[in-house]
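Beneath this line is the structure, given in structure tokens, with notes to follow.
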Amino acid sequence: MSATALPGTLLDMAIIEVSGLHKAYGEKKAVDGVSFAVEEGEVFGILGPNGAGKTTTVECVEGLRRPDGGSVRVAGYDPLTDRGAVTRLLGAQLQESELQPKITVREALELYAACYPDPADWRALAERLGLTDKLRTRFAKLSGGQKQRLFIALALIGNPRVVVLDELTTGLDPRARRETWQLIEEVRDSGVTVLLVTHFMEEAQRLCHRIALIDKGRVTALDTPAGLIGRTASGTAISFRPSAPLDTRELAALPSVSSVTEKDGRILVDGTDETVNAVLSLLAGRGVTAYELRVTEATLDDAYLDLTGTES
């Protein structure tokens, strides 16, 4: 289930504010006027293809890069001039993260905990993230999913109000990816604000309250997953094989039907959610059974293609 609405307990305030952000590398504009605000307690997604400017944007939020223009505030602090304050309230998992191969999970957790004045209980984090039985395991021996669990723990060990997760599930197999999604949902439910950078549409649709689509360094759309999908030209498609001949002109006359095609005995009707019931009612009235019935709805992939004109 996608997180398309903010929980009622959230404060109506922005904990991250990005305004008119610019960053260039030579002649290449990596970020070209990006603006957005993240409310405290939400999962805010930054979605776009590789090279769109997603990572540069969040690195400016983290204070790892100096913007050429615009402003960034995290809980009112400038990540560059108020680095200490931002470090205490923001945890981060970088796009490319590695640890010394021979360090054990326990050593990594203890080392990171020692960097904060009031760290989280690393033992409780290890238990929560399923790492207790891996405490003596060296980093090089961990699986991809176990490494990602460890990086989440390290990002949370400072008790942050905000955690930035950049391409967290890239390279993971489907099972490990879904296990990681569940972990992010648990982080969200604990009240931590999550800034999630991804190019996986399904990931963004499942986890995020709101999403900023970034393409070529610019925000092309900002809305809830449902809101973005609602903007797409794609709708609901119904396909089936009728048990008896059917006049497609009757289908074309139904509410919200945009097109009807028939090929090799199979009928495809494009429309909206309203169309589904209308088609089924018509079939029932004609005594026709819909064999191999399939109903597909627009997804965030469809919305992305419509709103940016690029592949994900």
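Residues are referred to by chain and number: the chain letter is A, B, ... according to the order shown in the structure tokens, the number counts from 1 in that chain, and ligands are numbered separately from 1 in the order shown.
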(Q) Could you go through stretch 55-269 of chain A and tell me which residues DSSP, when run on the backbone, assigns to alpha helix (DSSP H), listing them as a PyMOL selection string? (A) chain A and resi 55-62+83-89+105-113+122-128+144-156+174-189+201-207+225-231+248-252
Q: Could you tell me which of A:Ala30, A:Ala75, A:Leu47, A:Ile238 comes closest to A:Thr198 if we count only C-alpha atoms?
A: A:Leu47
(Q) List as number ranges by chain the protein and nucleic acid residues near A:Gly271, meaning an atom at most 9 Å away when only C-alpha atoms are counted, but skip any in the same chain fewer than 5 places from it. (A) A: 234-238, 255-259, 276
Writer output for current selection, N, CA and C atoms, as an mmCIF file, in the first residue's frame:
data_model
loop_
_atom_site.group_PDB
_atom_site.id
_atom_site.type_symbol
_atom_site.label_atom_id
_atom_site.label_comp_id
_atom_site.auth_asym_id
_atom_site.auth_seq_id
_atom_site.Cartn_x
_atom_site.Cartn_y
_atom_site.Cartn_z
ATOM 1 N N SER A 234 -2.743 8.121 -19.097
ATOM 2 C CA SER A 234 -3.114 6.710 -19.013
ATOM 3 C C SER A 234 -4.196 6.549 -17.949
ATOM 4 N N GLY A 235 -5.062 5.566 -18.116
ATOM 5 C CA GLY A 235 -6.120 5.334 -17.150
ATOM 6 C C GLY A 235 -6.204 3.866 -16.800
ATOM 7 N N THR A 236 -7.400 3.343 -16.856
ATOM 8 C CA THR A 236 -7.638 1.943 -16.549
ATOM 9 C C THR A 236 -7.930 1.195 -17.843
ATOM 10 N N ALA A 237 -7.288 0.054 -18.000
ATOM 11 C CA ALA A 237 -7.480 -0.771 -19.190
ATOM 12 C C ALA A 237 -8.131 -2.090 -18.800
ATOM 13 N N ILE A 238 -9.176 -2.480 -19.536
ATOM 14 C CA ILE A 238 -9.873 -3.745 -19.304
ATOM 15 C C ILE A 238 -9.731 -4.590 -20.557
ATOM 16 N N PRO A 255 -19.627 5.050 -20.347
ATOM 17 C CA PRO A 255 -19.020 6.229 -19.711
ATOM 18 C C PRO A 255 -17.495 6.141 -19.642
ATOM 19 N N SER A 256 -16.845 7.237 -19.960
ATOM 20 C CA SER A 256 -15.399 7.428 -19.787
ATOM 21 C C SER A 256 -14.535 6.511 -20.654
ATOM 22 N N VAL A 257 -15.127 5.824 -21.638
ATOM 23 C CA VAL A 257 -14.329 4.974 -22.527
ATOM 24 C C VAL A 257 -13.604 5.855 -23.535
ATOM 25 N N SER A 258 -12.281 5.682 -23.610
ATOM 26 C CA SER A 258 -11.507 6.474 -24.561
ATOM 27 C C SER A 258 -11.232 5.723 -25.856
ATOM 28 N N SER A 259 -11.189 4.383 -25.794
ATOM 29 C CA SER A 259 -10.966 3.609 -27.015
ATOM 30 C C SER A 259 -11.354 2.157 -26.776
ATOM 31 N N VAL A 276 -14.879 0.219 -15.624
ATOM 32 C CA VAL A 276 -14.842 -1.198 -15.265
ATOM 33 C C VAL A 276 -16.236 -1.705 -14.929
#
Taking only residues of stretch 21-127 of chain A that have an atom at most 7 Å from an atom of stretch 192-196 of chain A, what is each one's shortest atom pair and its distance in Å to one decimal, using only C-alpha atoms, in chain and number order, as a tab-separated table?
residue	atom	partner	partner_atom	distance
A:Glu40	CA	A:Thr193	CA	5.6
A:Gly41	CA	A:Thr193	CA	4.3
A:Glu42	CA	A:Thr193	CA	5.3
A:Val43	CA	A:Val194	CA	4.6
A:Phe44	CA	A:Leu195	CA	5.0
A:Gly45	CA	A:Leu196	CA	4.7
A:Ile46	CA	A:Leu196	CA	6.1
Q | Proximity to A:Pro160 - best of A:Leu251, A:Val72, A:Cys115, A:Ala92, only C-alpha atoms | A |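 Looking at the shortest contact to A:Pro160, the residue is A:Ala92.
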Q) Could you pull out all residues of stretch 37-211 of chain A with a DSSP call of strand (DSSP E) and give them as a VMD selection string? A) chain A and resid 37 to 39 43 to 47 69 to 74 90 to 93 162 to 166 193 to 198 210 to 211
Next, write the just-selected residues to a file, as an mmCIF file, in the first residue's frame, keeping C-alpha atoms as the atom set.
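Result file result.cif:
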data_model
loop_
_atom_site.group_PDB
_atom_site.id
_atom_site.type_symbol
_atom_site.label_atom_id
_atom_site.label_comp_id
_atom_site.auth_asym_id
_atom_site.auth_seq_id
_atom_site.Cartn_x
_atom_site.Cartn_y
_atom_site.Cartn_z
ATOM 1 C CA ALA A 37 9.823 21.652 1.347
ATOM 2 C CA VAL A 38 9.657 18.477 3.451
ATOM 3 C CA GLU A 39 7.196 18.308 6.327
ATOM 4 C CA VAL A 43 8.607 10.269 3.690
ATOM 5 C CA PHE A 44 9.494 12.662 0.884
ATOM 6 C CA GLY A 45 10.720 11.080 -2.327
ATOM 7 C CA ILE A 46 13.060 12.515 -4.922
ATOM 8 C CA LEU A 47 12.510 10.536 -8.078
ATOM 9 C CA GLY A 69 22.938 29.582 -5.662
ATOM 10 C CA GLY A 70 19.723 29.312 -3.687
ATOM 11 C CA SER A 71 19.296 28.285 -0.074
ATOM 12 C CA VAL A 72 18.925 25.134 2.023
ATOM 13 C CA ARG A 73 17.641 24.931 5.591
ATOM 14 C CA VAL A 74 17.312 21.878 7.824
ATOM 15 C CA LEU A 90 20.422 14.525 10.322
ATOM 16 C CA GLY A 91 21.547 10.982 9.546
ATOM 17 C CA ALA A 92 22.544 9.869 6.072
ATOM 18 C CA GLN A 93 23.076 6.762 4.001
ATOM 19 C CA VAL A 162 15.805 13.455 9.599
ATOM 20 C CA VAL A 163 17.402 10.581 7.704
ATOM 21 C CA VAL A 164 18.498 10.799 4.055
ATOM 22 C CA LEU A 165 18.505 7.508 2.131
ATOM 23 C CA ASP A 166 20.095 7.741 -1.316
ATOM 24 C CA THR A 193 11.435 12.274 8.652
ATOM 25 C CA VAL A 194 12.780 10.381 5.626
ATOM 26 C CA LEU A 195 14.195 11.998 2.488
ATOM 27 C CA LEU A 196 14.311 9.111 0.029
ATOM 28 C CA VAL A 197 16.181 9.318 -3.261
ATOM 29 C CA THR A 198 15.293 6.633 -5.785
ATOM 30 C CA ARG A 210 4.891 13.094 -1.566
ATOM 31 C CA ILE A 211 7.301 12.949 -4.489
#
(Q) Env of A:Arg65: 9 Å cut, atoms = only C-alpha atoms, seq-sep filter 3 positions within chain, self excluded. Answer as a ChimeraX atom specification. (A) /A:23,56-62,80
Q: Would you please work out which residue, of A:Gln148, A:Glu186, A:Gly48, A:Thr180, is nearest to A:Leu300 when using only C-alpha atoms?
A: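 For A:Leu300, the nearest of the candidates is A:Gly48.
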Q) Near A:Glu203, counting only C-alpha atoms, which residues have an atom at most 12 Å away, once you skip same-chain residues fewer than 2 positions from it, shown as a PyMOL selection string? A) chain A and resi 1-3+43-47+167-170+174+177-182+184-185+196-201+205-209+211+225+299-301
For the selection you just gave me, I'd like the residues written to a file as a compact mmCIF listing (two decimals), in the first residue's frame, keeping C-alpha atoms.
# COMPACT_ATOMS: atom_id res chain seq x y z
CA MET A 1 0.00 0.00 0.00
CA SER A 2 1.40 3.36 -0.92
CA ALA A 3 1.70 6.12 1.66
CA VAL A 43 8.61 10.27 3.69
CA PHE A 44 9.49 12.66 0.88
CA GLY A 45 10.72 11.08 -2.33
CA ILE A 46 13.06 12.51 -4.92
CA LEU A 47 12.51 10.54 -8.08
CA GLU A 167 19.43 4.88 -3.75
CA LEU A 168 19.16 2.54 -0.79
CA THR A 169 17.95 -0.54 -2.69
CA THR A 170 19.98 -0.28 -5.90
CA PRO A 174 13.64 -8.35 -5.11
CA ARG A 177 14.53 -4.80 -1.67
CA ARG A 178 11.12 -5.51 -0.14
CA GLU A 179 12.66 -6.30 3.25
CA THR A 180 14.42 -2.92 3.08
CA TRP A 181 11.13 -1.20 2.22
CA GLN A 182 9.63 -2.68 5.36
CA ILE A 184 11.97 2.19 5.93
CA GLU A 185 8.29 1.95 6.87
CA LEU A 196 14.31 9.11 0.03
CA VAL A 197 16.18 9.32 -3.26
CA THR A 198 15.29 6.63 -5.79
CA HIS A 199 14.74 5.86 -9.43
CA PHE A 200 12.48 2.87 -8.64
CA MET A 201 8.87 3.83 -9.33
CA GLN A 205 4.79 4.71 -4.91
CA ARG A 206 4.81 2.38 -1.90
CA LEU A 207 6.81 4.45 0.58
CA CYS A 208 6.39 8.16 -0.11
CA HIS A 209 3.79 10.61 1.11
CA ILE A 211 7.30 12.95 -4.49
CA PRO A 225 1.86 9.42 -5.69
CA THR A 299 1.10 3.55 -12.30
CA LEU A 300 3.79 5.98 -11.30
CA ASP A 301 5.75 4.72 -14.33
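Atom CA of A:Arg123 to atom CA of A:Leu109 spans 8.5 Å [interatomic distance, one decimal].
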(Q) Calculated over only C-alpha atoms, which of the candidates A:Asn159, A:Thr220, A:Thr261, A:Thr81 has the smallest distance to A:Val187? (A)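 The closest residue to A:Val187 is A:Asn159.
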Q.
When you look at A:Ala120 with a cut-off of 10 Å (counting only C-alpha atoms), what residues show up, excluding the ones that are within fewer than 4 positions of it in the same chain? I need them as an NGL selection string.
A. :A and (113 or 116 or 124-125 or 153-154 or 156-160)
Q.
Rounded to one decimal, what separation in Å do you get between atom CA of A:Leu280 and atom CA of A:Asp264?
A.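 Atom-to-atom, atom CA of A:Leu280 and atom CA of A:Asp264 are spaced 20.6 Å apart.
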